[in-house]
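First up is the structure itself, then whatever we jot down about it.
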Amino acid sequence: MSDVAAQFGKVAVLMGGMSAEREISLLSGEAVLTALVNQGIDAHGIDVDENIVKRLTAEKYQSVFNILHGRGGEDGTIQGLLEVMNLPYTGSGVMASSLAMDKLKTKQIWSAAGLPTPDYRVISNEQECHQAVTELGLPLIIKPVLEGSSIGMSKIEREEEMAEAWQKANDCKGTVIAEQWIQGKEYTAAILDDQVLPLIKLETSHKFYDYDAKYKSDSTKYICPCELPEADEIQFSEMAKQAFDAVNASGWGRVDFMIDGDGQIWLIEVNTVPGMTSHSLVPMAAKQAGISFEQLVVKILSTAACEHC
Ligand SMILES: Nc1ncnc2c1ncn2[C@@H]1O[C@H](COP(=O)(O)OP(=O)(O)O)[C@@H](O)[C@H]1O
Ligand SMILES: [Mg+2]
């Protein structure tokens with residue numbers, strides 16, 4: 001084993017789990033595991049279930065590469081468990097994970113910090129949906145605040161579409177918001193340690209970057225370098241980093257944002273455990289920065305930390 005590989009000791013790659021994003025996490029996890037093993041690191045995949053504590057204890061791991069997406073893995077719960085077990089893990093700590101998982105709390109923090117995010121209303125019944133249309137106008141995007149991968153989301157352009165959109169979002173656990181629709185271009189900023197990687201522009205023929213556009217469609221376009229003038233790319237990258245820091249996120253992650261027709265930035269969300277398949281966005285941005293997938297996983301692993309150990 002090389003010195004670099006030895007320094008990490010025995011590594012658990014946590015993947016799968018029980019969230020709606022389980023299948024994506026398994027794909028990300030396999031890609032990460034293969035890359036770590038190819039570099040001589042003593043890494044082992046664990047599909048997380050209720051036996052996780054027993055396994056982590058019995059198999060004597062020294063650190064954790066967490067690639068669980070969504071609830072139970074990206075929301076502070078597994079991070080809390082790893083803190084209690086004194087196991088350093090990749091990505092954000094307990095509070096940041098938990099805040100970033102909640103799109104509403106994230107927006108509230110950004111607003112308090114003076115960072116631009118689209119206006120919204122919390123909606124708890126169909127009546128409040130109509131109230132949101134009156135106050136914010138159309139189009140709106142209806143979102144469950146605790147989901148990822150565009151699950152439970154709909155764009156509504158006419159008030160008649162409200163009932164179905166509300167129902168779909170409300171079928172997911174947690175609060176639902178109606179957010180002002182930003183007409184413009186969509187970008188994402190991958191963050192690795194303290195560095196913002198080159199921005200990626202996303203183009204989809206769907207109404208928005210929905211589940212199929214993310215994982216199934218061949219027509220979704222990812223443009224990196226993102227074709228913005230250099231000064232704009234620097235400015236938006238700085239804003240994305242401020243948005244990441246505002247929720248106390250650390251290690252690595254991704255900030256999604258939009259730019260409207262006036263060139264104004266609107267922050268959408270922070271992902272603290274973004275996808276890591278060979279087709280995912282963080283690896284794409286890393287490649288543009290001259291960082292291979294294998295270098296990227298090692299770099300992420302080297303940021304593994306435990307806030308209280
Ligand atoms: N306010 C908005 N205006 C226009 N499009 C939006 C807005 N919010 C989200 N979207 C679209 O919906 C997609 C998913 O929304 P996002 O909040 O990033 O949730 P997820 O966690 O599911 O990725 C975005 O990638 C974007 O295409
Ligand atoms: Mg997103």
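We name chains A, B, ... following the order of the structure tokens; residues begin at 1 in each chain, and ligands are numbered from 1 as shown.
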
Near-A:Ile265 list (12 Å; only C-alpha atoms; drop same-chain fewer than 5 positions) as a VMD selection string: chain A and resid 115 to 118 182 to 188 232 to 233 235 to 240 243 256 to 260

Within 7 Å of ligand 2, counting only C-alpha atoms and all ligand atoms: which residues, as a PDB file with N, CA, C and O atoms, in the first residue's frame?
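Contents of out21.pdb, as written:
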ATOM      1  N   GLY A 148     -34.796  15.692  -2.668  1.00  0.00           N
ATOM      2  CA  GLY A 148     -33.766  16.026  -3.649  1.00  0.00           C
ATOM      3  C   GLY A 148     -34.165  15.417  -4.980  1.00  0.00           C
ATOM      4  O   GLY A 148     -35.261  14.860  -5.115  1.00  0.00           O
ATOM      5  N   SER A 149     -33.268  15.532  -5.957  1.00  0.00           N
ATOM      6  CA  SER A 149     -33.486  14.935  -7.287  1.00  0.00           C
ATOM      7  C   SER A 149     -34.795  15.378  -7.943  1.00  0.00           C
ATOM      8  O   SER A 149     -35.388  14.644  -8.731  1.00  0.00           O
ATOM      9  N   SER A 150     -35.263  16.573  -7.596  1.00  0.00           N
ATOM     10  CA  SER A 150     -36.502  17.154  -8.153  1.00  0.00           C
ATOM     11  C   SER A 150     -37.756  16.348  -7.823  1.00  0.00           C
ATOM     12  O   SER A 150     -38.812  16.542  -8.432  1.00  0.00           O
ATOM     13  N   ASP A 256     -26.618  25.199  -6.351  1.00  0.00           N
ATOM     14  CA  ASP A 256     -27.390  25.417  -7.579  1.00  0.00           C
ATOM     15  C   ASP A 256     -27.905  26.854  -7.584  1.00  0.00           C
ATOM     16  O   ASP A 256     -28.386  27.343  -6.559  1.00  0.00           O
ATOM     17  N   GLU A 269     -30.298  26.217  -4.073  1.00  0.00           N
ATOM     18  CA  GLU A 269     -30.109  25.245  -2.979  1.00  0.00           C
ATOM     19  C   GLU A 269     -28.654  24.831  -2.870  1.00  0.00           C
ATOM     20  O   GLU A 269     -27.854  25.037  -3.786  1.00  0.00           O
TER      21      GLU A 269
END

Those in stretch 167-259 of chain A with strand (DSSP E) from DSSP, as a ChimeraX atom specification: /A:176-180,184-192,195-196,200-203,221-223,252-259

With a distance cut-off of 6 Å and only C-alpha atoms, select the neighbouring residues of A:Asn66, excluding the residue or stretch itself and same-chain residues fewer than 3 positions from it, and output the selection as a ChimeraX atom specification. /A:13-14,90

What are the nearest atom pairs, with distances in Å to one decimal, for all residues of chain A that come at most 9 Å from ligand 1, using only C-alpha atoms and all ligand atoms, set out by chain and rising residue number as CSV?
residue,atom,partner,partner_atom_place_in_ligand_line,distance
A:Gly70,CA,ligand 1,21 (O),8.8
A:Met101,CA,ligand 1,21 (O),8.3
A:Lys103,CA,ligand 1,17 (O),7.2
A:Thr117,CA,ligand 1,1 (N),8.1
A:Pro118,CA,ligand 1,1 (N),5.8
A:Asp119,CA,ligand 1,1 (N),8.2
A:Tyr120,CA,ligand 1,1 (N),8.7
A:Pro139,CA,ligand 1,3 (N),8.6
A:Leu140,CA,ligand 1,1 (N),7.3
A:Ile141,CA,ligand 1,2 (C),6.0
A:Ile142,CA,ligand 1,8 (N),8.5
A:Lys143,CA,ligand 1,17 (O),7.4
A:Pro144,CA,ligand 1,22 (O),8.9
A:Val145,CA,ligand 1,17 (O),8.3
A:Leu146,CA,ligand 1,21 (O),8.1
A:Glu147,CA,ligand 1,21 (O),6.0
A:Gly148,CA,ligand 1,21 (O),3.5
A:Ser149,CA,ligand 1,22 (O),3.8
A:Ser150,CA,ligand 1,22 (O),3.0
A:Ile151,CA,ligand 1,22 (O),5.8
A:Gly152,CA,ligand 1,22 (O),8.3
A:Met153,CA,ligand 1,12 (O),7.3
A:Ser154,CA,ligand 1,12 (O),8.1
A:Lys155,CA,ligand 1,5 (N),7.8
A:Ala178,CA,ligand 1,1 (N),8.8
A:Glu179,CA,ligand 1,1 (N),5.5
A:Gln180,CA,ligand 1,1 (N),5.2
A:Trp181,CA,ligand 1,3 (N),3.6
A:Ile182,CA,ligand 1,3 (N),3.8
A:Gln183,CA,ligand 1,4 (C),6.1
A:Gly184,CA,ligand 1,4 (C),7.6
A:Lys185,CA,ligand 1,4 (C),8.7
A:Glu186,CA,ligand 1,27 (O),6.6
A:Tyr187,CA,ligand 1,25 (O),8.4
A:Thr188,CA,ligand 1,25 (O),8.7
A:Leu202,CA,ligand 1,27 (O),8.3
A:Glu203,CA,ligand 1,27 (O),8.7
A:Thr204,CA,ligand 1,27 (O),8.2
A:His206,CA,ligand 1,27 (O),8.9
A:Lys207,CA,ligand 1,27 (O),7.9
A:Phe208,CA,ligand 1,27 (O),4.2
A:Tyr209,CA,ligand 1,27 (O),3.7
A:Asp210,CA,ligand 1,13 (C),5.8
A:Tyr211,CA,ligand 1,22 (O),7.7
A:Lys214,CA,ligand 1,25 (O),8.5
A:Val255,CA,ligand 1,18 (O),8.6
A:Asp256,CA,ligand 1,18 (O),5.9
A:Phe257,CA,ligand 1,18 (O),7.8
A:Met258,CA,ligand 1,4 (C),7.4
A:Trp266,CA,ligand 1,1 (N),7.9
A:Leu267,CA,ligand 1,1 (N),8.5
A:Ile268,CA,ligand 1,17 (O),5.3
A:Glu269,CA,ligand 1,17 (O),5.5
A:Val270,CA,ligand 1,18 (O),7.9
A:Asn271,CA,ligand 1,21 (O),7.2

For the selection you just gave me, I'd like the residues written to a file as a compact mmCIF listing (two decimals), in the first residue's frame, keeping C-alpha atoms.
# COMPACT_ATOMS: atom_id res chain seq x y z
CA GLY A 70 -31.10 12.52 0.68
CA MET A 101 -31.29 19.45 3.46
CA LYS A 103 -34.61 24.22 1.33
CA THR A 117 -32.97 33.72 -3.29
CA PRO A 118 -36.37 33.70 -5.02
CA ASP A 119 -39.34 34.87 -2.96
CA TYR A 120 -41.59 32.10 -1.65
CA PRO A 139 -45.30 30.83 -12.88
CA LEU A 140 -44.37 29.26 -9.55
CA ILE A 141 -42.45 26.13 -8.66
CA ILE A 142 -43.98 23.97 -5.95
CA LYS A 143 -41.38 22.12 -3.84
CA PRO A 144 -41.28 19.79 -0.88
CA VAL A 145 -38.45 21.32 1.19
CA LEU A 146 -36.88 18.03 2.26
CA GLU A 147 -36.53 16.15 -1.04
CA GLY A 148 -33.77 16.03 -3.65
CA SER A 149 -33.49 14.93 -7.29
CA SER A 150 -36.50 17.15 -8.15
CA ILE A 151 -38.82 14.60 -6.49
CA GLY A 152 -42.31 15.99 -5.79
CA MET A 153 -41.68 19.27 -7.67
CA SER A 154 -43.82 20.91 -10.34
CA LYS A 155 -43.78 24.12 -12.29
CA ALA A 178 -44.33 27.81 -3.56
CA GLU A 179 -41.33 29.64 -5.00
CA GLN A 180 -41.21 32.35 -7.61
CA TRP A 181 -40.17 30.94 -10.99
CA ILE A 182 -36.92 32.40 -12.29
CA GLN A 183 -36.89 32.70 -16.05
CA GLY A 184 -33.27 32.41 -17.06
CA LYS A 185 -30.27 30.15 -17.16
CA GLU A 186 -29.31 27.50 -14.67
CA TYR A 187 -25.82 26.91 -13.29
CA THR A 188 -24.17 24.88 -10.60
CA LEU A 202 -27.29 23.24 -17.52
CA GLU A 203 -29.71 23.19 -20.43
CA THR A 204 -32.76 20.99 -20.62
CA HIS A 206 -37.90 19.77 -20.15
CA LYS A 207 -39.83 22.48 -18.27
CA PHE A 208 -37.05 22.39 -15.69
CA TYR A 209 -34.19 20.13 -14.61
CA ASP A 210 -36.51 17.38 -13.35
CA TYR A 211 -35.75 13.77 -12.36
CA LYS A 214 -31.17 14.64 -14.42
CA VAL A 255 -24.59 25.15 -4.98
CA ASP A 256 -27.39 25.42 -7.58
CA PHE A 257 -28.35 28.86 -8.81
CA MET A 258 -30.02 30.69 -11.68
CA TRP A 266 -30.81 33.74 -7.59
CA LEU A 267 -29.59 31.06 -5.21
CA ILE A 268 -31.64 27.86 -5.30
CA GLU A 269 -30.11 25.25 -2.98
CA VAL A 270 -26.99 23.63 -1.50
CA ASN A 271 -26.27 19.93 -1.96

Need to verify the contact set: A:Lys287, 12 Å, only C-alpha atoms, exclusion of same-chain residues closer than 5 positions in sequence. Can you return it as a ChimeraX atom specification? /A:190,197-200,224-225,278-282,292-296

Selected residues, C-alpha atoms, written as a compact mmCIF listing (two decimals), in the first residue's frame, please.
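Writing done, so here's part_3.txt:
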# COMPACT_ATOMS: atom_id res chain seq x y z
CA ALA A 190 -19.05 22.56 -7.37
CA LEU A 197 -14.49 24.61 -9.41
CA PRO A 198 -15.40 25.92 -12.89
CA LEU A 199 -19.13 26.63 -13.15
CA ILE A 200 -21.37 24.35 -15.22
CA CYS A 224 -18.36 23.57 -18.94
CA PRO A 225 -16.62 25.98 -19.29
CA SER A 278 -18.77 9.34 -13.67
CA HIS A 279 -21.51 11.46 -15.34
CA SER A 280 -22.20 13.69 -12.33
CA LEU A 281 -21.60 17.40 -12.12
CA VAL A 282 -18.87 17.67 -9.45
CA SER A 292 -9.36 13.43 -12.47
CA PHE A 293 -12.17 11.43 -10.86
CA GLU A 294 -9.60 9.40 -8.91
CA GLN A 295 -7.82 12.54 -7.68
CA LEU A 296 -11.18 14.03 -6.76

Using only C-alpha atoms for the distances, tell me which of A:Ile234, A:Met276, A:Val94, A:Ile177 is nearest to A:Ala31. A:Met276

Atom CA of A:Ala231 to atom CA of A:Asp194, straight-line distance in Å: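 Computing the Euclidean distance for atom CA of A:Asp194 and atom CA of A:Ala231 yields 19.4 Å.
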
Need the shell around A:Ser98: protein/DNA/RNA residues with any atom at most 9 Å away, counting only C-alpha atoms. Skip same-chain ones fewer than 6 positions apart. Format as a count of residues only? 4

Run DSSP on the backbone of this structure and report the residues of stretch 84-217 of chain A it assigns to alpha helix (DSSP H), as a short mmCIF file (atom, residue, chain, number, x, y, z; two decimals) with C-alpha atoms, in the first residue's frame.
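What ended up in part-v3.cif:
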data_model
loop_
_atom_site.label_atom_id
_atom_site.label_comp_id
_atom_site.auth_asym_id
_atom_site.auth_seq_id
_atom_site.Cartn_x
_atom_site.Cartn_y
_atom_site.Cartn_z
CA VAL A 84 -20.79 9.89 18.48
CA VAL A 94 -24.36 17.86 11.58
CA MET A 95 -25.84 21.36 11.54
CA ALA A 96 -24.83 22.28 7.99
CA SER A 97 -26.12 18.96 6.62
CA SER A 98 -29.38 19.39 8.40
CA LEU A 99 -29.82 23.01 7.30
CA ALA A 100 -28.88 22.39 3.67
CA MET A 101 -31.29 19.45 3.46
CA LYS A 103 -34.61 24.22 1.33
CA LEU A 104 -36.80 26.53 3.42
CA LYS A 105 -34.30 26.93 6.28
CA THR A 106 -31.54 27.48 3.73
CA LYS A 107 -33.52 30.27 2.06
CA GLN A 108 -34.25 31.89 5.42
CA ILE A 109 -30.54 31.92 6.29
CA TRP A 110 -29.61 33.33 2.89
CA SER A 111 -32.24 36.06 3.18
CA ALA A 112 -30.95 36.98 6.66
CA GLU A 126 -54.71 24.22 -1.26
CA GLN A 127 -56.17 27.55 -0.16
CA GLU A 128 -52.69 28.83 0.69
CA CYS A 129 -51.51 27.74 -2.76
CA HIS A 130 -54.03 30.12 -4.31
CA GLN A 131 -52.97 32.84 -1.88
CA ALA A 132 -49.35 32.32 -3.06
CA VAL A 133 -50.46 32.79 -6.68
CA THR A 134 -52.19 36.04 -5.75
CA GLU A 135 -49.15 37.34 -3.89
CA LEU A 136 -46.29 36.07 -6.07
CA MET A 162 -52.14 24.01 -8.55
CA ALA A 163 -54.21 21.20 -6.97
CA GLU A 164 -52.18 18.41 -8.57
CA ALA A 165 -48.85 20.13 -7.88
CA TRP A 166 -49.78 20.68 -4.25
CA GLN A 167 -50.87 17.04 -3.88
CA LYS A 168 -47.63 15.75 -5.40
CA ALA A 169 -45.45 17.88 -3.11
CA ASN A 170 -47.58 17.17 -0.06
CA TYR A 211 -35.75 13.77 -12.36
CA ASP A 212 -35.75 12.49 -15.95
CA ALA A 213 -33.65 15.42 -17.20
CA LYS A 214 -31.17 14.64 -14.42
CA TYR A 215 -30.86 10.90 -14.77
#

Do a neighbour search on A:Ile191 at 7 Å with only C-alpha atoms, toss out local chain neighbours closer than 2 positions, and write the hits as a ChimeraX atom specification. /A:189,193-197,252-254

Selection file, N, CA and C atoms, as an mmCIF file, in the first residue's frame:
data_model
loop_
_atom_site.group_PDB
_atom_site.id
_atom_site.type_symbol
_atom_site.label_atom_id
_atom_site.label_comp_id
_atom_site.auth_asym_id
_atom_site.auth_seq_id
_atom_site.Cartn_x
_atom_site.Cartn_y
_atom_site.Cartn_z
ATOM 1 N N ALA A 189 -22.389 25.351 -9.045
ATOM 2 C CA ALA A 189 -20.998 25.578 -8.618
ATOM 3 C C ALA A 189 -20.585 24.412 -7.730
ATOM 4 N N ASP A 193 -13.216 21.490 -0.987
ATOM 5 C CA ASP A 193 -12.488 22.129 0.101
ATOM 6 C C ASP A 193 -12.838 23.621 0.059
ATOM 7 N N ASP A 194 -11.858 24.516 -0.112
ATOM 8 C CA ASP A 194 -12.233 25.930 -0.134
ATOM 9 C C ASP A 194 -12.328 26.500 -1.548
ATOM 10 N N GLN A 195 -12.198 25.616 -2.521
ATOM 11 C CA GLN A 195 -12.089 26.068 -3.907
ATOM 12 C C GLN A 195 -13.423 25.904 -4.646
ATOM 13 N N VAL A 196 -13.804 26.921 -5.421
ATOM 14 C CA VAL A 196 -14.976 26.759 -6.294
ATOM 15 C C VAL A 196 -14.450 26.281 -7.647
ATOM 16 N N LEU A 197 -14.939 25.164 -8.124
ATOM 17 C CA LEU A 197 -14.486 24.613 -9.408
ATOM 18 C C LEU A 197 -15.201 25.363 -10.533
ATOM 19 N N TRP A 252 -16.911 19.499 0.783
ATOM 20 C CA TRP A 252 -17.252 19.541 -0.642
ATOM 21 C C TRP A 252 -18.763 19.658 -0.768
ATOM 22 N N GLY A 253 -19.218 20.013 -1.953
ATOM 23 C CA GLY A 253 -20.657 20.131 -2.165
ATOM 24 C C GLY A 253 -20.932 20.861 -3.461
ATOM 25 N N ARG A 254 -22.192 21.277 -3.610
ATOM 26 C CA ARG A 254 -22.583 21.949 -4.859
ATOM 27 C C ARG A 254 -23.671 22.962 -4.559
#

Smallest atom-to-atom distance to A:Gln79: which of A:Phe65, A:Tyr222, A:Phe8, A:Phe244, using only C-alpha atoms?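 Smallest distance to A:Gln79 is found for A:Phe65.
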
Can you pull out every residue within 12 Å of A:Thr34, counting only C-alpha atoms, but drop anything in the same chain fewer than 5 positions away, and send it as a list of chain:residue names? A:Val13, A:Leu27, A:Ser28, A:Gly29, A:Gln39, A:Gly40, A:Ile41, A:Asp42, A:Ala43, A:His44, A:Gly45, A:Met276, A:Thr277, A:Ser278, A:Phe293, A:Glu294, A:Val297, A:Val298

Can you spit out the residues from that selection as an mmCIF file, in the first residue's frame, using C-alpha atoms?
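New file again_16.cif:
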data_model
loop_
_atom_site.group_PDB
_atom_site.id
_atom_site.type_symbol
_atom_site.label_atom_id
_atom_site.label_comp_id
_atom_site.auth_asym_id
_atom_site.auth_seq_id
_atom_site.Cartn_x
_atom_site.Cartn_y
_atom_site.Cartn_z
ATOM 1 C CA VAL A 13 -17.946 4.022 1.748
ATOM 2 C CA LEU A 27 -24.325 4.348 -8.436
ATOM 3 C CA SER A 28 -22.309 7.161 -6.824
ATOM 4 C CA GLY A 29 -21.042 4.762 -4.160
ATOM 5 C CA GLN A 39 -5.631 3.724 -5.826
ATOM 6 C CA GLY A 40 -4.754 1.059 -3.285
ATOM 7 C CA ILE A 41 -6.962 2.487 -0.529
ATOM 8 C CA ASP A 42 -8.444 -0.136 1.803
ATOM 9 C CA ALA A 43 -12.017 0.933 1.055
ATOM 10 C CA HIS A 44 -15.170 -1.136 1.539
ATOM 11 C CA GLY A 45 -18.720 -0.406 0.439
ATOM 12 C CA MET A 276 -20.554 11.190 -7.832
ATOM 13 C CA THR A 277 -21.184 8.915 -10.781
ATOM 14 C CA SER A 278 -18.771 9.339 -13.670
ATOM 15 C CA PHE A 293 -12.173 11.429 -10.863
ATOM 16 C CA GLU A 294 -9.604 9.403 -8.915
ATOM 17 C CA VAL A 297 -12.260 11.136 -4.523
ATOM 18 C CA VAL A 298 -8.906 11.148 -2.717
#

Separation of atom CA of A:Ala249 from atom CA of A:Met284, in Å and rounded to one decimal: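 Going from atom CA of A:Ala249 over to atom CA of A:Met284 covers 20.7 Å.
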
With distances taken over only C-alpha atoms, which of A:Met18, A:Ala286, A:Ile24, A:Ala6 is nearest to A:Gly73?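 Using only C-alpha atoms, A:Gly73 sits closest to A:Met18.
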